[in-house]
Amino acid sequence: MFDLLKLLIDNSPSLTSDMQAWFEKYRVDAAWNVYSDYCVGNTDKANDSFSFVITLKHDTDKNFSEYIANVAPKDLKKARKASEGLISYLNCPVAFSVSFIVERDSKLLRDFITDDNIHGFCLGLRELIALWSAEPGSDREYWRRIDKALGEFAFDVQRKKFNAKLARQVLLTSTFAGFLFLTLNHLKEPASVRWVTDRDATFEKYNEVAFDIAYILFLLFRLQSGTAKDPNKPQFLFAYPYMDGKTDYAEHVRLPDYLAGLCADIKLPSMEFSHTKFERIFGDAIINSTNNIVLEILGCPEKITARRLTFKNDH
C-alpha cells in the first residue's frame, strides 16, 4: 500500500493544482470534512468505485442535513432522477471531490495486493506502532488498541476462510483516504479533518481499523516529507452512521453516493450508462469540471497504474 500511496502522490500534479485553485480563497487552520461512499462488488455495474467529497466546514451539520434532505431525500439507487440541488452542491465553491475507479477485472487489484502483501503490511505497521508508542508523551492506550486490531488482521490472513476481497477493500479505502488527507494538509494546513463514511463491512472489520490505517499512512508520509509545522494538527475525527448510537449521517454520505454510483455505472471506454440519471450527473458534475475529479486505477502482476480521466465538451 506504500507503493500505491506513493504512486498517487507522485502522479497527481493536476489534481493538486486544481484543488489548490478551487480552495485558494479559504484560510489555513480551518475545519474540513471528507465524506465517502463506495460501490464495490456489484456485478450489475461496470466498475468498483470509491468516492470522496471534501468540503470546508462552512455551516452547521443541522443546516447541511436539512438542505440535502430537502433537495435529495433518497439515495441515488432509490431515486428515478438525479437531484439538481445535490449536483449544485457538488459544483459549489466549498466542495471538491475525488473518485477512484478500479477496473473490475483486477478483482480489486488482486495481483498487486496479495495475501502475503497484506500480511507483511500489517506486520510492518505493527513494528511502526511499537516505535511510536515508545516515544515520550504518546497515547499508548490508542496504539495498543490499533496494534491489537492489526494483529487480528494479520492472523486472519492466514486462515482458510480469510475474506481477501474485503481485506483489499479495507486497504484501498484507507490508502485513498490517506492520499487525500496528505493533499488537503499540504494545501490548507487544516485545524481538523472529519472523515464521515457510509457504513459497511469495510469499517466494522477489525475494530474499525480502516480509519486508523489511513491515519497511520498520513502520519508516516507526512513525517517522511518533513513538512509538519504542528505535529498536533490536524485533529482527526472519524464517523459512520450510528457509530455513536444516534447519528445517521444519511445526508452527509449522499454526496459521495451520487459519485460512487456514477463511477460504478459508467462503461469505459464506450461511455455508456444504464440509466439517464447517471447521464445527468455525468453531464452536470463531471464534464468540464475542475473540482470533481476521476482517477482510474489499473492493475496487473507487473505493475499498477493510476491515471486521471478528463471529460470535455467543447460545444
# chains A, B, ... in the order shown; residues from 1 in each chain; ligands from 1

call {"tool": "residues_around", "arguments": {"residues": "Tyr206 of chain A", "least_positions_apart": "4", "cutoff": "7 Å", "atoms": "only C-alpha atoms", "output": "list in words"}}
result
Ala149, Glu152 and Phe153 of chain A

call {"tool": "write_last_selection", "arguments": {"atoms": "N, CA, C and O atoms", "output": "PDB file, in the first residue's frame"}}
result
ATOM      1  N   ALA A 149      -5.800  -4.665  16.801  1.00  0.00           N
ATOM      2  CA  ALA A 149      -6.616  -4.814  15.591  1.00  0.00           C
ATOM      3  C   ALA A 149      -5.776  -5.297  14.414  1.00  0.00           C
ATOM      4  O   ALA A 149      -6.198  -6.175  13.650  1.00  0.00           O
ATOM      5  N   GLU A 152      -5.011  -8.956  14.783  1.00  0.00           N
ATOM      6  CA  GLU A 152      -6.147  -9.785  14.361  1.00  0.00           C
ATOM      7  C   GLU A 152      -6.225  -9.857  12.843  1.00  0.00           C
ATOM      8  O   GLU A 152      -6.537 -10.903  12.269  1.00  0.00           O
ATOM      9  N   PHE A 153      -5.948  -8.733  12.196  1.00  0.00           N
ATOM     10  CA  PHE A 153      -5.950  -8.668  10.736  1.00  0.00           C
ATOM     11  C   PHE A 153      -4.885  -9.622  10.181  1.00  0.00           C
ATOM     12  O   PHE A 153      -5.160 -10.443   9.293  1.00  0.00           O
TER      13      PHE A 153
END

call {"tool": "residues_around", "arguments": {"residues": "segment 12-25 of chain A", "least_positions_apart": "2", "cutoff": "10 Å", "atoms": "only C-alpha atoms", "output": "PyMOL selection string"}}
result
chain A and resi 7-10+27-28+54-56+92-98+180+183-184+186-188+289-295+306-308

call {"tool": "write_last_selection", "arguments": {"atoms": "C-alpha atoms", "output": "JSON list (two decimals), in the first residue's frame"}}
result
[["chain", "number", "residue", "atom", "x", "y", "z"],
["A", 7, "LEU", "CA", 2.21, 6.43, -6.90],
["A", 8, "LEU", "CA", -0.82, 8.61, -6.21],
["A", 9, "ILE", "CA", 1.28, 11.36, -4.63],
["A", 10, "ASP", "CA", 3.89, 11.37, -7.40],
["A", 27, "ARG", "CA", -7.72, 30.32, 5.05],
["A", 28, "VAL", "CA", -5.40, 27.78, 6.58],
["A", 54, "ILE", "CA", -14.01, 17.21, 0.60],
["A", 55, "THR", "CA", -15.85, 20.23, 1.97],
["A", 56, "LEU", "CA", -14.95, 23.23, 4.03],
["A", 92, "CYS", "CA", -20.25, 24.78, -5.31],
["A", 93, "PRO", "CA", -17.07, 26.59, -4.16],
["A", 94, "VAL", "CA", -16.80, 24.74, -0.83],
["A", 95, "ALA", "CA", -16.75, 21.22, -2.33],
["A", 96, "PHE", "CA", -14.10, 19.20, -4.17],
["A", 97, "SER", "CA", -14.45, 15.51, -4.98],
["A", 98, "VAL", "CA", -12.07, 12.75, -5.99],
["A", 180, "LEU", "CA", -6.48, 12.89, 0.22],
["A", 183, "THR", "CA", -3.08, 16.51, -0.23],
["A", 184, "LEU", "CA", -5.50, 18.61, 1.81],
["A", 186, "HIS", "CA", -0.29, 20.14, 2.17],
["A", 187, "LEU", "CA", -2.55, 22.77, 0.61],
["A", 188, "LYS", "CA", -4.66, 24.07, 3.51],
["A", 289, "SER", "CA", -15.25, 20.03, -14.21],
["A", 290, "THR", "CA", -12.14, 21.15, -12.34],
["A", 291, "ASN", "CA", -13.44, 20.19, -8.89],
["A", 292, "ASN", "CA", -14.98, 16.74, -9.47],
["A", 293, "ILE", "CA", -12.01, 14.56, -10.35],
["A", 294, "VAL", "CA", -12.00, 10.94, -11.56],
["A", 295, "LEU", "CA", -8.92, 8.72, -11.27],
["A", 306, "ALA", "CA", -3.07, 5.49, -11.89],
["A", 307, "ARG", "CA", -4.38, 7.97, -14.42],
["A", 308, "ARG", "CA", -6.74, 10.90, -14.37]]

call {"tool": "select_by_dssp", "arguments": {"residues": "segment 123-213 of chain A", "states": "helix (DSSP H, G or I)", "output": "MDAnalysis selection string"}}
result
chainID A and resid 123:133 140:157 164:188 201:204 209:213

call {"tool": "residues_around", "arguments": {"residues": "Asp111 of chain A", "least_positions_apart": "3", "cutoff": "7 Å", "atoms": "only C-alpha atoms", "output": "PDB file with N, CA, C and O atoms, in the first residue's frame"}}
result
ATOM      1  N   THR A 114      -1.623  -9.020  -2.729  1.00  0.00           N
ATOM      2  CA  THR A 114      -1.712 -10.449  -2.456  1.00  0.00           C
ATOM      3  C   THR A 114      -1.884 -10.688  -0.952  1.00  0.00           C
ATOM      4  O   THR A 114      -1.662  -9.785  -0.132  1.00  0.00           O
ATOM      5  N   CYS A 300      -2.064  -5.048 -12.747  1.00  0.00           N
ATOM      6  CA  CYS A 300      -1.706  -6.343 -13.323  1.00  0.00           C
ATOM      7  C   CYS A 300      -0.527  -6.878 -12.517  1.00  0.00           C
ATOM      8  O   CYS A 300       0.017  -6.167 -11.674  1.00  0.00           O
ATOM      9  N   PRO A 301      -0.101  -8.126 -12.753  1.00  0.00           N
ATOM     10  CA  PRO A 301       1.011  -8.667 -11.956  1.00  0.00           C
ATOM     11  C   PRO A 301       2.294  -7.848 -12.055  1.00  0.00           C
ATOM     12  O   PRO A 301       3.094  -7.835 -11.118  1.00  0.00           O
TER      13      PRO A 301
END

call {"tool": "residues_around", "arguments": {"residues": "Asn313 of chain A", "least_positions_apart": "3", "cutoff": "12 Å", "atoms": "only C-alpha atoms", "output": "list in words"}}
result
Phe282, Gly283, Asp284, Ile286, Ile287, Asn288, Ser289 and Thr310 of chain A

call {"tool": "closest_residue", "arguments": {"among": "A:Ile146, A:Ile68, A:Val157, A:Cys39", "to": "Ile118 of chain A", "atoms": "only C-alpha atoms"}}
result
A:Val157

call {"tool": "residues_around", "arguments": {"residues": "Val253 of chain A", "least_positions_apart": "2", "cutoff": "7 Å", "atoms": "only C-alpha atoms", "output": "ChimeraX atom specification"}}
result
/A:35-37,197-198,249-251,255-257

call {"tool": "write_last_selection", "arguments": {"atoms": "C-alpha atoms", "output": "PDB file, in the first residue's frame"}}
result
ATOM      1  CA  TYR A  35     -17.418  12.320   3.067  1.00  0.00           C
ATOM      2  CA  SER A  36     -17.030   8.951   1.351  1.00  0.00           C
ATOM      3  CA  ASP A  37     -19.059   6.171  -0.192  1.00  0.00           C
ATOM      4  CA  THR A 197     -18.084   7.361   5.631  1.00  0.00           C
ATOM      5  CA  ASP A 198     -21.056   5.256   4.709  1.00  0.00           C
ATOM      6  CA  TYR A 249     -25.203  10.876   8.600  1.00  0.00           C
ATOM      7  CA  ALA A 250     -27.580   9.938   5.762  1.00  0.00           C
ATOM      8  CA  GLU A 251     -27.379  13.332   4.090  1.00  0.00           C
ATOM      9  CA  LEU A 255     -22.886  13.492  -1.766  1.00  0.00           C
ATOM     10  CA  PRO A 256     -20.330  10.722  -2.437  1.00  0.00           C
ATOM     11  CA  ASP A 257     -23.197   8.263  -3.022  1.00  0.00           C
TER      12      ASP A 257
END

call {"tool": "residues_around", "arguments": {"residues": "His58 of chain A", "least_positions_apart": "2", "cutoff": "10 Å", "atoms": "only C-alpha atoms", "output": "PyMOL selection string"}}
result
chain A and resi 30-33+55-56+60-61+64+94

call {"tool": "write_last_selection", "arguments": {"atoms": "C-alpha atoms", "output": "PDB file, in the first residue's frame"}}
result
ATOM      1  CA  ALA A  30      -9.884  25.760   9.154  1.00  0.00           C
ATOM      2  CA  ALA A  31     -12.098  22.721   9.775  1.00  0.00           C
ATOM      3  CA  TRP A  32     -12.770  20.351   6.862  1.00  0.00           C
ATOM      4  CA  ASN A  33     -14.974  17.349   6.174  1.00  0.00           C
ATOM      5  CA  THR A  55     -15.855  20.230   1.971  1.00  0.00           C
ATOM      6  CA  LEU A  56     -14.952  23.232   4.031  1.00  0.00           C
ATOM      7  CA  THR A  60     -23.744  23.514  10.911  1.00  0.00           C
ATOM      8  CA  ASP A  61     -24.462  19.824  10.389  1.00  0.00           C
ATOM      9  CA  PHE A  64     -26.367  20.977   5.857  1.00  0.00           C
ATOM     10  CA  VAL A  94     -16.799  24.736  -0.831  1.00  0.00           C
TER      11      VAL A  94
END

call {"tool": "residues_around", "arguments": {"residues": "Val102 of chain A", "least_positions_apart": "6", "cutoff": "7 Å", "atoms": "only C-alpha atoms", "output": "CSV table (one decimal) with all heavy atoms, in the first residue's frame"}}
result
chain,number,residue,atom,x,y,z
A,47,ASN,N,-17.8,-1.1,-12.9
A,47,ASN,CA,-16.6,-0.9,-12.2
A,47,ASN,C,-16.8,-1.0,-10.7
A,47,ASN,O,-18.0,-1.0,-10.2
A,47,ASN,CB,-16.0,0.5,-12.4
A,47,ASN,CG,-16.1,0.9,-13.9
A,47,ASN,OD1,-15.3,0.3,-14.7
A,47,ASN,ND2,-16.9,1.8,-14.3
A,48,ASP,N,-15.7,-1.1,-9.9
A,48,ASP,CA,-15.7,-0.8,-8.5
A,48,ASP,C,-15.3,0.7,-8.3
A,48,ASP,O,-14.5,1.2,-9.0
A,48,ASP,CB,-14.8,-1.7,-7.7
A,48,ASP,CG,-15.2,-3.2,-7.8
A,48,ASP,OD1,-16.4,-3.4,-7.6
A,48,ASP,OD2,-14.4,-4.1,-7.9
A,49,SER,N,-15.9,1.3,-7.3
A,49,SER,CA,-15.7,2.8,-7.2
A,49,SER,C,-15.6,3.2,-5.7
A,49,SER,O,-16.2,2.6,-4.9
A,49,SER,CB,-16.8,3.6,-7.9
A,49,SER,OG,-18.0,3.4,-7.3
A,108,LEU,N,-10.2,-6.0,-7.5
A,108,LEU,CA,-9.6,-5.0,-6.5
A,108,LEU,C,-8.1,-5.2,-6.4
A,108,LEU,O,-7.6,-5.3,-5.3
A,108,LEU,CB,-10.3,-5.2,-5.2
A,108,LEU,CG,-11.8,-4.7,-5.1
A,108,LEU,CD1,-12.3,-4.9,-3.7
A,108,LEU,CD2,-11.8,-3.2,-5.4
A,296,GLU,N,-8.5,6.7,-12.5
A,296,GLU,CA,-8.7,5.2,-12.8
A,296,GLU,C,-7.5,4.5,-12.3
A,296,GLU,O,-6.3,4.9,-12.6
A,296,GLU,CB,-8.9,5.0,-14.2
A,296,GLU,CG,-9.3,3.5,-14.5
A,296,GLU,CD,-9.6,3.3,-16.0
A,296,GLU,OE1,-9.0,4.0,-16.9
A,296,GLU,OE2,-10.3,2.3,-16.3
A,297,ILE,N,-7.7,3.4,-11.6
A,297,ILE,CA,-6.6,2.6,-11.1
A,297,ILE,C,-6.6,1.3,-11.8
A,297,ILE,O,-7.6,0.5,-11.8
A,297,ILE,CB,-6.7,2.3,-9.6
A,297,ILE,CG1,-7.0,3.6,-8.8
A,297,ILE,CG2,-5.4,1.6,-9.0
A,297,ILE,CD1,-5.9,4.7,-8.9
A,298,LEU,N,-5.5,1.0,-12.5
A,298,LEU,CA,-5.4,-0.3,-13.3
A,298,LEU,C,-4.3,-1.1,-12.7
A,298,LEU,O,-3.2,-0.6,-12.3
A,298,LEU,CB,-5.0,0.1,-14.7
A,298,LEU,CG,-5.9,1.1,-15.5
A,298,LEU,CD1,-5.3,1.5,-16.8
A,298,LEU,CD2,-7.3,0.4,-15.7

call {"tool": "atom_distance", "arguments": {"atom1": "atom CA of Thr247 of chain A", "atom2": "atom CA of Lys81 of chain A"}}
result
26.7 Å
